[in-house]
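coords.cif (mmCIF, C-alpha atoms and all ligand atoms) appears below.
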data_structure
#
loop_
_atom_site.label_atom_id
_atom_site.label_comp_id
_atom_site.auth_asym_id
_atom_site.auth_seq_id
_atom_site.Cartn_x
_atom_site.Cartn_y
_atom_site.Cartn_z
CA ALA A 28 -35.40 13.55 3.32
CA LYS A 29 -33.67 12.89 6.61
CA GLU A 30 -35.78 9.77 7.12
CA LYS A 31 -34.97 8.52 3.68
CA GLY A 32 -31.28 9.08 4.21
CA ARG A 33 -31.35 6.97 7.34
CA ASN A 34 -33.22 4.18 5.61
CA ASN A 35 -30.72 4.20 2.86
CA TYR A 36 -27.96 4.01 5.35
CA GLN A 37 -29.62 1.11 7.13
CA PHE A 38 -30.14 -0.66 3.85
CA PHE A 39 -26.56 -0.10 3.06
CA THR A 40 -25.19 -1.50 6.30
CA ASN A 41 -27.62 -4.38 6.31
CA ALA A 42 -27.09 -5.41 2.76
CA MET A 43 -23.37 -5.15 2.74
CA ASN A 44 -21.16 -6.57 5.37
CA GLU A 45 -18.41 -4.46 6.73
CA GLU A 46 -15.80 -6.07 4.57
CA ILE A 47 -17.57 -5.17 1.35
CA LEU A 48 -18.20 -1.66 2.59
CA THR A 49 -14.55 -1.14 3.44
CA LYS A 50 -13.65 -2.55 0.07
CA SER A 51 -15.83 -0.19 -1.93
CA LEU A 52 -14.58 2.77 0.08
CA LEU A 53 -11.01 1.69 -0.54
CA GLU A 54 -11.81 1.23 -4.21
CA ASN A 55 -12.94 4.84 -4.45
CA ASP A 56 -9.81 6.04 -2.73
CA LEU A 57 -7.62 3.83 -4.87
CA ARG A 58 -9.01 5.47 -8.01
CA LYS A 59 -7.49 8.75 -6.81
CA ALA A 60 -4.30 7.34 -5.30
CA LEU A 61 -2.21 7.52 -8.44
CA SER A 62 -3.06 11.13 -9.35
CA ASN A 63 -2.77 12.18 -5.69
CA ASN A 64 0.78 10.86 -5.52
CA GLU A 65 -0.09 8.45 -2.71
CA LEU A 66 1.71 5.51 -4.27
CA GLU A 67 5.38 4.82 -3.79
CA VAL A 68 7.69 2.06 -4.94
CA TYR A 69 9.86 0.47 -2.27
CA TYR A 70 12.88 -1.67 -3.10
CA GLN A 71 13.94 -4.85 -1.33
CA PRO A 72 17.52 -5.87 -2.05
CA GLN A 73 18.43 -9.35 -3.25
CA LEU A 74 21.85 -10.72 -2.37
CA ASP A 75 24.10 -12.84 -4.53
CA VAL A 76 25.13 -15.56 -2.06
CA ASP A 77 28.52 -16.24 -3.67
CA THR A 78 29.79 -12.70 -3.99
CA ASP A 79 27.87 -11.24 -1.03
CA LYS A 80 26.76 -8.35 -3.23
CA VAL A 81 23.37 -6.79 -3.78
CA ILE A 82 22.73 -7.49 -7.46
CA ALA A 83 18.99 -6.93 -7.70
CA THR A 84 15.96 -5.40 -6.05
CA GLU A 85 12.29 -6.30 -6.00
CA ALA A 86 9.95 -3.35 -6.52
CA LEU A 87 7.12 -3.48 -3.98
CA LEU A 88 4.23 -1.06 -4.08
CA ARG A 89 3.26 1.05 -1.06
CA TRP A 90 0.09 3.09 -0.61
CA HIS A 91 0.11 5.99 1.84
CA HIS A 92 -3.62 6.54 2.38
CA PRO A 93 -4.42 10.14 3.47
CA GLU A 94 -6.49 9.00 6.51
CA LYS A 95 -5.75 5.34 7.07
CA GLY A 96 -2.01 5.70 6.71
CA PHE A 97 -0.23 2.76 5.21
CA VAL A 98 -2.47 0.18 3.49
CA SER A 99 -0.92 -3.22 2.75
CA PRO A 100 -0.63 -4.39 -0.86
CA MET A 101 -2.21 -7.65 0.32
CA GLU A 102 -5.33 -5.56 0.87
CA PHE A 103 -5.35 -3.21 -2.11
CA ILE A 104 -3.77 -5.26 -4.91
CA PRO A 105 -6.78 -7.64 -5.03
CA ILE A 106 -9.09 -4.59 -5.24
CA ALA A 107 -6.93 -3.13 -7.98
CA GLU A 108 -7.17 -6.43 -9.83
CA GLU A 109 -10.95 -6.73 -9.49
CA THR A 110 -11.54 -3.18 -10.70
CA GLY A 111 -8.97 -3.13 -13.47
CA LEU A 112 -7.10 -0.35 -11.67
CA ILE A 113 -4.11 -2.69 -11.69
CA MET A 114 -3.60 -1.71 -15.35
CA PRO A 115 -2.61 1.95 -14.82
CA ILE A 116 -1.10 1.17 -11.40
CA GLY A 117 0.94 -1.76 -12.69
CA GLU A 118 2.21 0.29 -15.59
CA TRP A 119 3.19 3.09 -13.23
CA VAL A 120 5.14 0.69 -10.98
CA LEU A 121 6.94 -0.76 -13.98
CA GLU A 122 7.89 2.66 -15.28
CA GLU A 123 8.99 3.93 -11.86
CA ALA A 124 11.08 0.83 -11.16
CA CYS A 125 12.71 0.84 -14.59
CA LYS A 126 13.50 4.56 -14.40
CA GLN A 127 15.05 4.19 -10.95
CA THR A 128 17.08 1.19 -12.02
CA LYS A 129 18.30 3.00 -15.11
CA LYS A 130 19.38 5.86 -12.85
CA TRP A 131 21.21 3.53 -10.45
CA ARG A 132 22.91 1.77 -13.35
CA ASN A 133 24.01 5.12 -14.77
CA GLN A 134 25.56 5.86 -11.38
CA GLY A 135 27.61 2.68 -11.69
CA HIS A 136 25.55 0.17 -9.71
CA ASP A 137 25.20 -3.14 -11.48
CA LEU A 138 21.58 -3.80 -10.51
CA THR A 139 18.60 -5.52 -12.05
CA VAL A 140 15.00 -5.02 -10.97
CA SER A 141 12.11 -7.41 -10.41
CA VAL A 142 8.56 -6.15 -10.89
CA ASN A 143 5.43 -8.11 -9.98
CA LEU A 144 3.11 -8.69 -12.90
CA SER A 145 -0.51 -9.47 -12.10
CA ASN A 146 -2.35 -12.09 -14.16
CA VAL A 147 -4.92 -9.37 -14.88
CA GLN A 148 -2.17 -7.37 -16.57
CA LEU A 149 -1.21 -10.43 -18.58
CA MET A 150 -4.75 -10.72 -19.89
CA ASP A 151 -4.29 -7.37 -21.64
CA ASN A 152 -3.68 -8.06 -25.33
CA ARG A 153 -1.31 -5.15 -25.58
CA ILE A 154 0.77 -5.96 -22.49
CA VAL A 155 3.82 -7.17 -24.40
CA GLU A 156 3.92 -3.99 -26.50
CA LYS A 157 3.38 -1.84 -23.42
CA ILE A 158 6.31 -3.40 -21.57
CA LYS A 159 8.58 -3.16 -24.61
CA ASP A 160 7.59 0.49 -25.09
CA ILE A 161 8.41 1.36 -21.49
CA LEU A 162 11.85 -0.28 -21.74
CA LEU A 163 12.59 1.47 -25.04
CA LYS A 164 11.41 4.82 -23.73
CA ILE A 165 13.52 4.57 -20.59
CA LYS A 166 16.40 2.93 -22.47
CA LEU A 167 16.75 0.16 -19.93
CA GLU A 168 18.13 -2.97 -21.56
CA PRO A 169 15.54 -5.77 -21.19
CA GLN A 170 17.96 -8.16 -19.47
CA TYR A 171 17.94 -5.85 -16.44
CA LEU A 172 14.22 -6.37 -15.93
CA THR A 173 12.66 -9.45 -14.35
CA LEU A 174 8.90 -9.90 -14.30
CA GLU A 175 7.55 -11.95 -11.41
CA ILE A 176 4.50 -14.04 -12.09
CA THR A 177 2.76 -16.39 -9.68
CA GLU A 178 2.01 -20.05 -10.20
CA SER A 179 -1.68 -19.34 -10.65
CA THR A 180 -0.83 -16.85 -13.40
CA ALA A 181 1.33 -19.43 -15.09
CA ILE A 182 -1.52 -21.92 -15.03
CA THR A 183 -4.49 -19.76 -16.04
CA SER A 184 -5.23 -19.49 -19.75
CA LEU A 185 -2.06 -21.41 -20.33
CA LYS A 186 -1.50 -20.99 -24.02
CA ASP A 187 -2.14 -17.27 -24.21
CA THR A 188 -0.07 -16.52 -21.10
CA HIS A 189 2.81 -18.69 -22.28
CA CYS A 190 2.81 -17.00 -25.64
CA LYS A 191 3.07 -13.53 -24.09
CA LEU A 192 5.75 -14.58 -21.62
CA LYS A 193 7.70 -16.22 -24.44
CA GLN A 194 7.56 -12.98 -26.47
CA LEU A 195 8.87 -11.03 -23.50
CA GLN A 196 11.62 -13.58 -22.97
CA LEU A 197 12.64 -13.38 -26.62
CA PHE A 198 12.85 -9.62 -26.23
CA GLY A 199 15.33 -10.24 -23.40
CA VAL A 200 13.24 -9.82 -20.25
CA ASN A 201 13.67 -12.43 -17.48
CA ILE A 202 10.65 -14.21 -16.07
CA ALA A 203 10.56 -15.38 -12.45
CA LEU A 204 8.04 -17.79 -10.98
CA ASP A 205 7.08 -16.22 -7.65
CA ASP A 206 5.94 -17.99 -4.46
CA PHE A 207 6.96 -21.37 -5.83
CA GLY A 208 5.53 -24.24 -3.83
CA THR A 209 2.32 -22.53 -2.77
CA GLY A 210 0.34 -23.42 -5.89
CA TYR A 211 -0.37 -26.58 -7.77
CA SER A 212 2.44 -26.83 -10.23
CA SER A 213 4.64 -29.86 -9.97
CA LEU A 214 8.35 -29.85 -10.42
CA SER A 215 8.17 -31.47 -13.86
CA TYR A 216 5.88 -28.63 -14.88
CA LEU A 217 8.69 -26.11 -14.41
CA SER A 218 10.41 -27.20 -17.60
CA SER A 219 7.36 -26.43 -19.72
CA LEU A 220 7.09 -22.82 -18.54
CA PRO A 221 8.84 -19.87 -20.16
CA ILE A 222 10.73 -18.91 -17.00
CA ASN A 223 14.33 -18.12 -16.03
CA ILE A 224 14.10 -17.91 -12.26
CA VAL A 225 12.27 -19.75 -9.48
CA LYS A 226 11.54 -17.97 -6.22
CA ILE A 227 11.04 -20.47 -3.44
CA ASP A 228 8.25 -19.27 -1.18
CA LYS A 229 9.02 -18.21 2.37
CA SER A 230 6.73 -20.89 3.78
CA PHE A 231 9.48 -23.39 2.86
CA ILE A 232 12.17 -21.19 4.31
CA ASN A 233 10.39 -20.69 7.65
CA ASP A 234 11.42 -24.06 9.02
CA ILE A 235 14.26 -24.85 6.67
CA THR A 236 16.27 -26.05 9.64
CA ASP A 237 13.77 -28.94 9.73
CA LYS A 238 15.31 -31.87 7.86
CA THR A 239 12.28 -32.66 5.67
CA LYS A 240 11.79 -29.03 4.61
CA LYS A 241 15.45 -28.78 3.83
CA GLU A 242 15.25 -31.87 1.61
CA ILE A 243 12.28 -30.42 -0.27
CA VAL A 244 14.05 -27.14 -0.92
CA LYS A 245 17.14 -29.07 -1.93
CA SER A 246 15.27 -31.11 -4.56
CA VAL A 247 13.44 -28.08 -5.91
CA SER A 248 16.67 -26.20 -6.25
CA ASN A 249 18.50 -29.16 -7.82
CA ILE A 250 15.79 -29.69 -10.41
CA ALA A 251 15.57 -25.97 -11.15
CA HIS A 252 19.33 -25.86 -11.66
CA SER A 253 19.30 -28.97 -13.84
CA ILE A 254 16.94 -27.27 -16.28
CA GLY A 255 18.96 -24.09 -16.30
CA LEU A 256 16.94 -21.93 -13.93
CA LYS A 257 18.27 -19.63 -11.25
CA VAL A 258 16.92 -19.94 -7.73
CA VAL A 259 16.01 -17.22 -5.25
CA ALA A 260 15.08 -18.05 -1.65
CA GLU A 261 12.47 -15.62 -0.31
CA GLY A 262 11.74 -14.60 3.25
CA ILE A 263 15.12 -15.29 4.81
CA GLU A 264 14.90 -13.78 8.28
CA GLU A 265 17.59 -15.50 10.29
CA GLU A 266 21.22 -16.35 9.99
CA GLU A 267 20.54 -20.11 10.41
CA GLN A 268 18.22 -20.03 7.41
CA PHE A 269 20.83 -18.20 5.39
CA THR A 270 23.46 -20.79 6.29
CA VAL A 271 21.26 -23.67 5.16
CA ILE A 272 20.38 -21.90 1.89
CA GLN A 273 24.05 -21.23 1.27
CA SER A 274 24.88 -24.91 1.82
CA LEU A 275 22.28 -25.89 -0.79
CA GLY A 276 23.95 -23.84 -3.52
CA ILE A 277 21.03 -21.45 -3.94
CA GLU A 278 22.40 -18.35 -5.65
CA MET A 279 20.21 -15.53 -4.40
CA ILE A 280 18.40 -14.56 -1.22
CA GLN A 281 15.84 -11.94 -0.30
CA GLY A 282 14.41 -11.28 3.15
CA TYR A 283 14.45 -9.30 6.36
CA TYR A 284 17.80 -10.92 7.24
CA LEU A 285 19.29 -8.65 4.60
CA SER A 286 16.71 -5.85 4.65
CA ARG A 287 13.05 -4.95 4.61
CA PRO A 288 11.77 -3.21 1.47
CA LEU A 289 13.04 0.40 1.54
CA PRO A 290 12.19 3.74 -0.02
CA LYS A 291 14.68 4.54 -2.79
CA GLU A 292 16.61 7.07 -0.69
CA GLU A 293 17.18 4.51 2.06
CA MET A 294 18.09 1.85 -0.44
CA GLU A 295 20.78 4.22 -1.68
CA LYS A 296 22.00 5.10 1.81
CA LYS A 297 22.17 1.54 3.07
CA PHE A 298 23.24 -0.41 0.02
CA LEU A 299 24.47 1.76 -2.82
CA ASN A 300 26.66 4.47 -1.39
CA HIS A 301 29.82 2.46 -0.88
CA LEU A 302 28.97 -1.05 -2.00
CA ASN A 303 28.77 -2.41 -5.52
CA LYS A 304 30.43 0.45 -7.33
P1 LIG B 1 5.44 -10.99 -3.00
O1 LIG B 1 5.59 -10.64 -4.44
O2 LIG B 1 5.60 -12.42 -2.65
O3 LIG B 1 6.49 -10.07 -2.23
C1 LIG B 1 7.19 -10.48 -1.10
C2 LIG B 1 6.50 -10.03 0.16
O4 LIG B 1 7.13 -10.60 1.30
C3 LIG B 1 6.54 -8.53 0.36
O5 LIG B 1 5.36 -8.13 1.05
C4 LIG B 1 7.77 -8.38 1.28
O6 LIG B 1 7.75 -7.19 2.05
C5 LIG B 1 7.59 -9.58 2.16
N1 LIG B 1 8.87 -10.04 2.71
C6 LIG B 1 10.10 -9.91 2.22
N2 LIG B 1 11.03 -10.48 3.02
C7 LIG B 1 10.35 -10.99 4.08
C8 LIG B 1 10.75 -11.70 5.27
O7 LIG B 1 11.93 -11.98 5.50
N3 LIG B 1 9.76 -12.08 6.11
C9 LIG B 1 8.46 -11.78 5.89
N4 LIG B 1 7.56 -12.16 6.79
N5 LIG B 1 8.04 -11.10 4.77
C10 LIG B 1 8.98 -10.73 3.89
P2 LIG B 1 4.54 -6.86 0.61
O8 LIG B 1 5.45 -5.77 0.14
O9 LIG B 1 3.59 -6.56 1.71
O10 LIG B 1 3.72 -7.36 -0.65
C11 LIG B 1 2.78 -8.36 -0.54
C12 LIG B 1 2.36 -8.86 -1.90
O11 LIG B 1 1.65 -7.83 -2.60
C13 LIG B 1 3.51 -9.23 -2.80
O12 LIG B 1 3.99 -10.52 -2.46
C14 LIG B 1 2.84 -9.18 -4.15
O13 LIG B 1 2.09 -10.34 -4.39
C15 LIG B 1 1.88 -8.01 -3.97
N6 LIG B 1 2.50 -6.80 -4.55
C16 LIG B 1 3.30 -5.87 -3.98
N7 LIG B 1 3.63 -4.90 -4.87
C17 LIG B 1 3.03 -5.24 -6.04
C18 LIG B 1 2.99 -4.65 -7.35
O14 LIG B 1 3.62 -3.61 -7.66
N8 LIG B 1 2.23 -5.29 -8.29
C19 LIG B 1 1.55 -6.44 -8.02
N9 LIG B 1 0.82 -7.01 -9.01
N10 LIG B 1 1.59 -7.02 -6.82
C20 LIG B 1 2.32 -6.44 -5.83
CA CA B 2 7.14 -11.02 -5.90
CA CA B 3 6.99 -14.00 -3.34
CA CA B 4 3.14 -13.57 -2.48
#

Just dump the structure as structure tokens.
Amino acid sequence: AKEKGRNNYQFFTNAMNEEILTKSLLENDLRKALSNNELEVYYQPQLDVDTDKVIATEALLRWHHPEKGFVSPMEFIPIAEETGLIMPIGEWVLEEACKQTKKWRNQGHDLTVSVNLSNVQLMDNRIVEKIKDILLKIKLEPQYLTLEITESTAITSLKDTHCKLKQLQLFGVNIALDDFGTGYSSLSYLSSLPINIVKIDKSFINDITDKTKKEIVKSVSNIAHSIGLKVVAEGIEEEEQFTVIQSLGIEMIQGYYLSRPLPKEEMEKKFLNHLNK
């Protein structure tokens, strides 16, 4: 039996490379993460450039793995998507974020919340009903929720996706196009999508002090504004970047310059105790 076990082990390591092995181990752990209370929603504040007030947060998922410690969403979200675990996890994030936002609003903070919606979640035929049900249950008015979708989501299975997003929009939810500029969609394409907000990806912000990059961001933001969309600049880390963004008339910023994503208690301590009320 011992011999057999070793052979199996050898087969295992030979047949699967380390990456796949790590992945399947993580997958197993991820199955238990929700019921073991290992998941937590962090909140990254978004600043209204004109008023200098925090008017929104983005909900970002954190996984505290019992042995590995913190595992990045960049690592586990793709696994959650491949295995379908993103369905219960995504629903949990949405519910958590809406509940917290309802609570903050009840305390007098005029905040909205953005939640990332995976294209796998959008493939669910009941997703629109599920989102509506959560909002109704929590009694959060739909206009205080923004769903962030990526360009690739917007492009895949176009008609079906558009139909669902349109239904959500009609219900009152805002739709934001995340990571804009990293995918394939052209500017003219923006007008055909059921979206309210464009989030300009941080790769454009990184060297925004470069004249060409600045011009690109300027055109994107002008076109977005001309078709009635709001613009958020993501990944603002430095004051110089903030100054350029401000000069371009972009209304909202998000990034380390303002704050990293924070646990709800810290969000309250740093941004909600005296501000905004
Ligand atoms: P994202 O939606 O583009 O979220 C923004 C990411 O940029 C976050 O990484 C945030 O911490 C990071 N970030 C914010 N400001 C700055 C900055 O100034 N500089 C730099 N270098 N980074 C900044 P995070 O939290 O690690 O999340 C990574 C990605 O994982 C997210 O990218 C999103 O695609 C995905 N994700 C996170 N939470 C969820 C979730 O609940 N559901 C789904 N479907 N995806 C999620
Ligand atoms: Ca996002
Ligand atoms: Ca983004
Ligand atoms: Ca991203």

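Considering the residues A:Phe207, A:Trp131, A:Phe103, A:Trp90 and counting all atoms listed in the file, ligand CA 2 (chain B) has its shortest atom-to-atom contact with A:Phe207.
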
>> Taking only C-alpha atoms and all ligand atoms and a cut-off of 10 Å, can you tell me which residues surround ligand CA 4 (chain B), written as an NGL selection string?
In response: :A and (101 or 143 or 176-177 or 205-207 or 209 or 228-229 or 261)

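Comparing A:Leu57, A:Ile222, A:Cys190, A:Leu174 by their smallest distance to ligand CA 3 (chain B), the closest is A:Leu174 (using only C-alpha atoms and all ligand atoms).
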
>> Residues contacting ligand LIG 1 (chain B) - anything with an atom at most 9 Å away, using all atoms listed in the file - can you give me those as a PyMOL selection string?
In response: chain A and resi 68-69+71+85-89+99-105+107-108+113+116-121+142-148+175-177+205-206+226+228-229+233+261-265+281-288

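The two atoms in question, atom CA of Asp234 of chain A and atom CA of Asp77 of chain A, are spaced 22.7 Å apart.
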
When you get a chance, write out N, CA, C and O atoms for segment 166-190 of chain A, as a compact mmCIF listing (two decimals), in the coordinates of the input.
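See result-v4.txt below for the written result:
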# COMPACT_ATOMS: atom_id res chain seq x y z
N LYS A 166 15.09 3.44 -22.02
CA LYS A 166 16.40 2.93 -22.47
C LYS A 166 17.05 2.01 -21.44
O LYS A 166 18.26 2.07 -21.19
N LEU A 167 16.21 1.19 -20.82
CA LEU A 167 16.75 0.16 -19.93
C LEU A 167 16.80 -1.13 -20.75
O LEU A 167 15.80 -1.55 -21.33
N GLU A 168 17.99 -1.74 -20.81
CA GLU A 168 18.13 -2.97 -21.56
C GLU A 168 17.26 -4.05 -20.91
O GLU A 168 17.25 -4.17 -19.68
N PRO A 169 16.52 -4.82 -21.73
CA PRO A 169 15.54 -5.77 -21.19
C PRO A 169 16.12 -6.80 -20.22
O PRO A 169 15.41 -7.27 -19.33
N GLN A 170 17.39 -7.13 -20.37
CA GLN A 170 17.96 -8.16 -19.47
C GLN A 170 18.07 -7.68 -18.02
O GLN A 170 18.32 -8.46 -17.13
N TYR A 171 17.89 -6.37 -17.81
CA TYR A 171 17.94 -5.85 -16.44
C TYR A 171 16.57 -5.79 -15.79
O TYR A 171 16.43 -5.31 -14.67
N LEU A 172 15.57 -6.28 -16.50
CA LEU A 172 14.22 -6.37 -15.93
C LEU A 172 13.80 -7.83 -15.78
O LEU A 172 13.98 -8.65 -16.68
N THR A 173 13.27 -8.14 -14.58
CA THR A 173 12.66 -9.45 -14.35
C THR A 173 11.19 -9.21 -14.02
O THR A 173 10.87 -8.32 -13.24
N LEU A 174 10.32 -9.99 -14.63
CA LEU A 174 8.90 -9.90 -14.30
C LEU A 174 8.54 -11.11 -13.45
O LEU A 174 8.86 -12.24 -13.81
N GLU A 175 7.93 -10.84 -12.30
CA GLU A 175 7.55 -11.95 -11.41
C GLU A 175 6.09 -12.31 -11.63
O GLU A 175 5.21 -11.46 -11.51
N ILE A 176 5.87 -13.56 -11.93
CA ILE A 176 4.50 -14.04 -12.09
C ILE A 176 4.27 -15.15 -11.06
O ILE A 176 5.22 -15.80 -10.62
N THR A 177 3.02 -15.34 -10.67
CA THR A 177 2.76 -16.39 -9.68
C THR A 177 2.38 -17.68 -10.40
O THR A 177 2.07 -17.69 -11.59
N GLU A 178 2.38 -18.75 -9.63
CA GLU A 178 2.01 -20.05 -10.20
C GLU A 178 0.63 -20.02 -10.81
O GLU A 178 0.40 -20.56 -11.88
N SER A 179 -0.31 -19.36 -10.13
CA SER A 179 -1.68 -19.34 -10.65
C SER A 179 -1.73 -18.60 -11.99
O SER A 179 -2.45 -18.98 -12.89
N THR A 180 -0.91 -17.56 -12.13
CA THR A 180 -0.83 -16.85 -13.40
C THR A 180 -0.32 -17.78 -14.49
O THR A 180 -0.82 -17.81 -15.60
N ALA A 181 0.70 -18.54 -14.13
CA ALA A 181 1.33 -19.43 -15.09
C ALA A 181 0.34 -20.50 -15.57
O ALA A 181 0.41 -20.98 -16.69
N ILE A 182 -0.59 -20.85 -14.70
CA ILE A 182 -1.52 -21.92 -15.03
C ILE A 182 -2.76 -21.42 -15.78
O ILE A 182 -3.23 -22.06 -16.70
N THR A 183 -3.26 -20.25 -15.39
CA THR A 183 -4.49 -19.76 -16.04
C THR A 183 -4.25 -19.42 -17.50
O THR A 183 -3.21 -18.91 -17.87
N SER A 184 -5.24 -19.68 -18.29
CA SER A 184 -5.23 -19.49 -19.75
C SER A 184 -3.84 -19.77 -20.32
O SER A 184 -3.22 -18.94 -20.97
N LEU A 185 -3.42 -20.98 -20.03
CA LEU A 185 -2.06 -21.41 -20.33
C LEU A 185 -1.44 -20.92 -21.64
O LEU A 185 -0.41 -20.29 -21.63
N LYS A 186 -2.11 -21.22 -22.71
CA LYS A 186 -1.50 -20.99 -24.02
C LYS A 186 -1.21 -19.51 -24.27
O LYS A 186 -0.12 -19.14 -24.66
N ASP A 187 -2.23 -18.71 -23.99
CA ASP A 187 -2.14 -17.27 -24.21
C ASP A 187 -1.04 -16.66 -23.33
O ASP A 187 -0.20 -15.88 -23.79
N THR A 188 -1.06 -17.03 -22.05
CA THR A 188 -0.07 -16.52 -21.10
C THR A 188 1.34 -16.93 -21.54
O THR A 188 2.25 -16.10 -21.57
N HIS A 189 1.49 -18.20 -21.88
CA HIS A 189 2.81 -18.69 -22.28
C HIS A 189 3.33 -17.95 -23.49
O HIS A 189 4.51 -17.62 -23.57
N CYS A 190 2.44 -17.68 -24.42
CA CYS A 190 2.81 -17.00 -25.64
C CYS A 190 3.34 -15.60 -25.33
O CYS A 190 4.39 -15.19 -25.83
